[in-house]
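Each remark here refers to the structure printed beneath this line.
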Amino acid sequence: GVSFRWGNEYRGRAGALRADLTTDSFVLSGDVRVVREQEGSLPFELTARRVLFERSSGTLHAEGEAKLRQGQNVLHAGRLAAQIGPETQQLEFVRARFGVYGRVVEAAEQADVFRYQASEATLLLVNGLPTSLELEGSEKEPARLTTRSADGVRVLFAPYLVAKLEDSQIRTLDALRGARLEDRPSEEGAPTRRASARRVEVSFEHGQVRSASLQKDVVLLEDQRTLSADTASLDVATGRADFLGDPAIATTERGELRAPKIAYNRQSGLLQASGVAAVIIAGDL
């Protein structure tokens, strides 16, 4: 076994070490563990089966059950690359691939801000805190991001997701290439509300979804209602949603409503529209 120290902050252990002093690079293998513990900085820990460390550039390459912990935030991946800032000596960039999953935790409450899964992920950090997270998947296996909601959890699926963060809180979330947003009582529970579109933009306030904008091929399924449109905007606080299309279409077990604009109030269940062409199946809308 090997024990090592880098400067006054980083230390660790490994099964073996190979050093190339001409390039100032080191290969650690076996059960590798690298830690950083310094007063005033978030604790850092990296474990993997193999780690390549380039000291001059501050770059780490890890593979084999790689696990990265910064404070309470955790990232797992088959392979990852990390950049340590030369001046701050803190983590600034992470690129992860193969079976990526992790979580971001609100430091004050020690509660999950969100959890995520993806084929690939890119994480940017400032002063040890995440500021941007990009998740990549595919149409068959989209990236997944789960946040808390008042009634359970809200799960967003998309081949490509970009989250902007501030103080470990999501401020905006952009889902591209076909997205699906689901409200669930729990992470594995059945959806109670489902919305899909080619693109979904979500705004957050105090860790909760404030509003959402859906673009192209919009479909909302809720309470035996189906609403489809070209674009839609949702206000979570008021429960109001506006659907625009040529036409927008609302379908229930009682009939079908077509109009250029349909307003839906989730709390009352009412639909309002102008310029309407309605096809009644049974009874009245």
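The chains in the structure tokens are called A, B, ... from first to last as shown; in each chain the residues are counted from 1, and the ligands are counted from 1 in the order shown.
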
Shell around stretch 152-167 of chain A at 6 Å using only C-alpha atoms, local window under 2 positions removed, as a PyMOL selection string: chain A and resi 131-139+142-150+169-176+178-186

Atomic distance atom CA of A:Ser213 - atom CA of A:Phe114, expressed in Å with one decimal: 20.1 Å

Excluding stretch 72-85 of chain A and any residue of its chain fewer than 4 positions from it, enumerate the residues within 8 Å of it, using only C-alpha atoms, and give them as a PDB file with N, CA and C atoms, in the first residue's frame.
```pdb
ATOM      1  N   GLY A  58      -3.348  20.266 -12.228  1.00  0.00           N
ATOM      2  CA  GLY A  58      -4.396  20.029 -11.239  1.00  0.00           C
ATOM      3  C   GLY A  58      -5.542  19.190 -11.777  1.00  0.00           C
ATOM      4  N   THR A  59      -5.255  18.290 -12.722  1.00  0.00           N
ATOM      5  CA  THR A  59      -6.287  17.472 -13.345  1.00  0.00           C
ATOM      6  C   THR A  59      -6.279  16.060 -12.780  1.00  0.00           C
ATOM      7  N   LEU A  60      -7.459  15.564 -12.470  1.00  0.00           N
ATOM      8  CA  LEU A  60      -7.641  14.195 -12.005  1.00  0.00           C
ATOM      9  C   LEU A  60      -8.476  13.423 -13.017  1.00  0.00           C
ATOM     10  N   HIS A  61      -8.050  12.212 -13.355  1.00  0.00           N
ATOM     11  CA  HIS A  61      -8.845  11.288 -14.165  1.00  0.00           C
ATOM     12  C   HIS A  61      -9.053  10.029 -13.339  1.00  0.00           C
ATOM     13  N   ALA A  62     -10.314   9.668 -13.105  1.00  0.00           N
ATOM     14  CA  ALA A  62     -10.620   8.506 -12.266  1.00  0.00           C
ATOM     15  C   ALA A  62     -11.516   7.547 -13.030  1.00  0.00           C
ATOM     16  N   GLU A  63     -11.327   6.263 -12.810  1.00  0.00           N
ATOM     17  CA  GLU A  63     -12.165   5.257 -13.451  1.00  0.00           C
ATOM     18  C   GLU A  63     -12.305   4.047 -12.536  1.00  0.00           C
ATOM     19  N   GLY A  64     -13.374   3.304 -12.763  1.00  0.00           N
ATOM     20  CA  GLY A  64     -13.635   2.122 -11.956  1.00  0.00           C
ATOM     21  C   GLY A  64     -14.374   2.457 -10.677  1.00  0.00           C
ATOM     22  N   GLU A  65     -15.718   2.477 -10.734  1.00  0.00           N
ATOM     23  CA  GLU A  65     -16.541   2.787  -9.560  1.00  0.00           C
ATOM     24  C   GLU A  65     -16.112   4.099  -8.916  1.00  0.00           C
ATOM     25  N   ALA A  66     -15.962   5.115  -9.742  1.00  0.00           N
ATOM     26  CA  ALA A  66     -15.532   6.422  -9.238  1.00  0.00           C
ATOM     27  C   ALA A  66     -16.651   7.078  -8.431  1.00  0.00           C
ATOM     28  N   LYS A  67     -16.284   7.632  -7.293  1.00  0.00           N
ATOM     29  CA  LYS A  67     -17.231   8.331  -6.425  1.00  0.00           C
ATOM     30  C   LYS A  67     -16.586   9.616  -5.950  1.00  0.00           C
ATOM     31  N   LEU A  68     -17.267  10.722  -6.203  1.00  0.00           N
ATOM     32  CA  LEU A  68     -16.757  12.037  -5.845  1.00  0.00           C
ATOM     33  C   LEU A  68     -17.703  12.689  -4.848  1.00  0.00           C
ATOM     34  N   GLN A  89      -7.357  25.722  -5.021  1.00  0.00           N
ATOM     35  CA  GLN A  89      -7.165  24.318  -4.662  1.00  0.00           C
ATOM     36  C   GLN A  89      -8.500  23.619  -4.405  1.00  0.00           C
ATOM     37  N   GLN A  90      -9.570  24.133  -5.012  1.00  0.00           N
ATOM     38  CA  GLN A  90     -10.886  23.528  -4.876  1.00  0.00           C
ATOM     39  C   GLN A  90     -11.362  23.020  -6.237  1.00  0.00           C
ATOM     40  N   LEU A  91     -12.317  22.120  -6.181  1.00  0.00           N
ATOM     41  CA  LEU A  91     -12.880  21.535  -7.391  1.00  0.00           C
ATOM     42  C   LEU A  91     -13.606  22.607  -8.197  1.00  0.00           C
ATOM     43  N   GLU A  92     -13.326  22.674  -9.514  1.00  0.00           N
ATOM     44  CA  GLU A  92     -13.951  23.673 -10.378  1.00  0.00           C
ATOM     45  C   GLU A  92     -14.752  23.059 -11.515  1.00  0.00           C
ATOM     46  N   PHE A  93     -14.407  21.849 -11.922  1.00  0.00           N
ATOM     47  CA  PHE A  93     -15.042  21.246 -13.108  1.00  0.00           C
ATOM     48  C   PHE A  93     -15.020  19.727 -12.974  1.00  0.00           C
ATOM     49  N   VAL A  94     -16.126  19.083 -13.368  1.00  0.00           N
ATOM     50  CA  VAL A  94     -16.189  17.623 -13.391  1.00  0.00           C
ATOM     51  C   VAL A  94     -16.906  17.189 -14.654  1.00  0.00           C
ATOM     52  N   ARG A  95     -16.347  16.221 -15.340  1.00  0.00           N
ATOM     53  CA  ARG A  95     -16.978  15.587 -16.500  1.00  0.00           C
ATOM     54  C   ARG A  95     -17.074  14.096 -16.200  1.00  0.00           C
ATOM     55  N   ALA A  96     -18.298  13.567 -16.139  1.00  0.00           N
ATOM     56  CA  ALA A  96     -18.518  12.177 -15.751  1.00  0.00           C
ATOM     57  C   ALA A  96     -19.226  11.417 -16.868  1.00  0.00           C
ATOM     58  N   ARG A  97     -18.890  10.117 -17.001  1.00  0.00           N
ATOM     59  CA  ARG A  97     -19.489   9.278 -18.043  1.00  0.00           C
ATOM     60  C   ARG A  97     -19.775   7.891 -17.481  1.00  0.00           C
ATOM     61  N   PHE A  98     -20.732   7.213 -18.129  1.00  0.00           N
ATOM     62  CA  PHE A  98     -21.057   5.814 -17.859  1.00  0.00           C
ATOM     63  C   PHE A  98     -21.752   5.626 -16.504  1.00  0.00           C
ATOM     64  N   GLY A  99     -23.072   5.455 -16.564  1.00  0.00           N
ATOM     65  CA  GLY A  99     -23.832   5.165 -15.359  1.00  0.00           C
ATOM     66  C   GLY A  99     -23.754   6.242 -14.299  1.00  0.00           C
ATOM     67  N   VAL A 100     -23.942   7.494 -14.725  1.00  0.00           N
ATOM     68  CA  VAL A 100     -23.798   8.617 -13.805  1.00  0.00           C
ATOM     69  C   VAL A 100     -25.053   8.754 -12.934  1.00  0.00           C
ATOM     70  N   TYR A 101     -24.864   8.940 -11.650  1.00  0.00           N
ATOM     71  CA  TYR A 101     -25.972   9.303 -10.771  1.00  0.00           C
ATOM     72  C   TYR A 101     -25.409  10.039  -9.556  1.00  0.00           C
ATOM     73  N   GLY A 102     -26.257  10.865  -8.944  1.00  0.00           N
ATOM     74  CA  GLY A 102     -25.774  11.636  -7.815  1.00  0.00           C
ATOM     75  C   GLY A 102     -26.864  12.478  -7.200  1.00  0.00           C
ATOM     76  N   ARG A 103     -26.454  13.360  -6.296  1.00  0.00           N
ATOM     77  CA  ARG A 103     -27.402  14.230  -5.616  1.00  0.00           C
ATOM     78  C   ARG A 103     -26.722  15.541  -5.253  1.00  0.00           C
ATOM     79  N   VAL A 104     -27.539  16.587  -5.123  1.00  0.00           N
ATOM     80  CA  VAL A 104     -27.103  17.877  -4.607  1.00  0.00           C
ATOM     81  C   VAL A 104     -27.914  18.154  -3.350  1.00  0.00           C
ATOM     82  N   VAL A 105     -27.240  18.519  -2.266  1.00  0.00           N
ATOM     83  CA  VAL A 105     -27.871  18.658  -0.958  1.00  0.00           C
ATOM     84  C   VAL A 105     -27.839  20.117  -0.520  1.00  0.00           C
ATOM     85  N   ALA A 107     -27.139  22.623   2.076  1.00  0.00           N
ATOM     86  CA  ALA A 107     -26.252  22.522   3.230  1.00  0.00           C
ATOM     87  C   ALA A 107     -26.949  22.886   4.539  1.00  0.00           C
ATOM     88  N   GLN A 110     -29.580  20.016   5.186  1.00  0.00           N
ATOM     89  CA  GLN A 110     -29.101  18.648   4.971  1.00  0.00           C
ATOM     90  C   GLN A 110     -30.156  17.799   4.253  1.00  0.00           C
TER      91      GLN A 110
END
```

A:Leu28 surroundings by only C-alpha atoms, 10 Å radius, close-in-sequence under 6 positions cut, as number ranges by chain: A: 2, 13-19, 34, 48-53, 62

Test item: residues at most 12 Å from A:Asp217, only C-alpha atoms, excluding those fewer than 3 positions along its chain, as number ranges by chain: A: 177-180, 195-200, 214, 220, 227-232, 243-249

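Pairwise distance (atom CA of A:Phe204, atom CA of A:Glu106) equals 14.5 Å.
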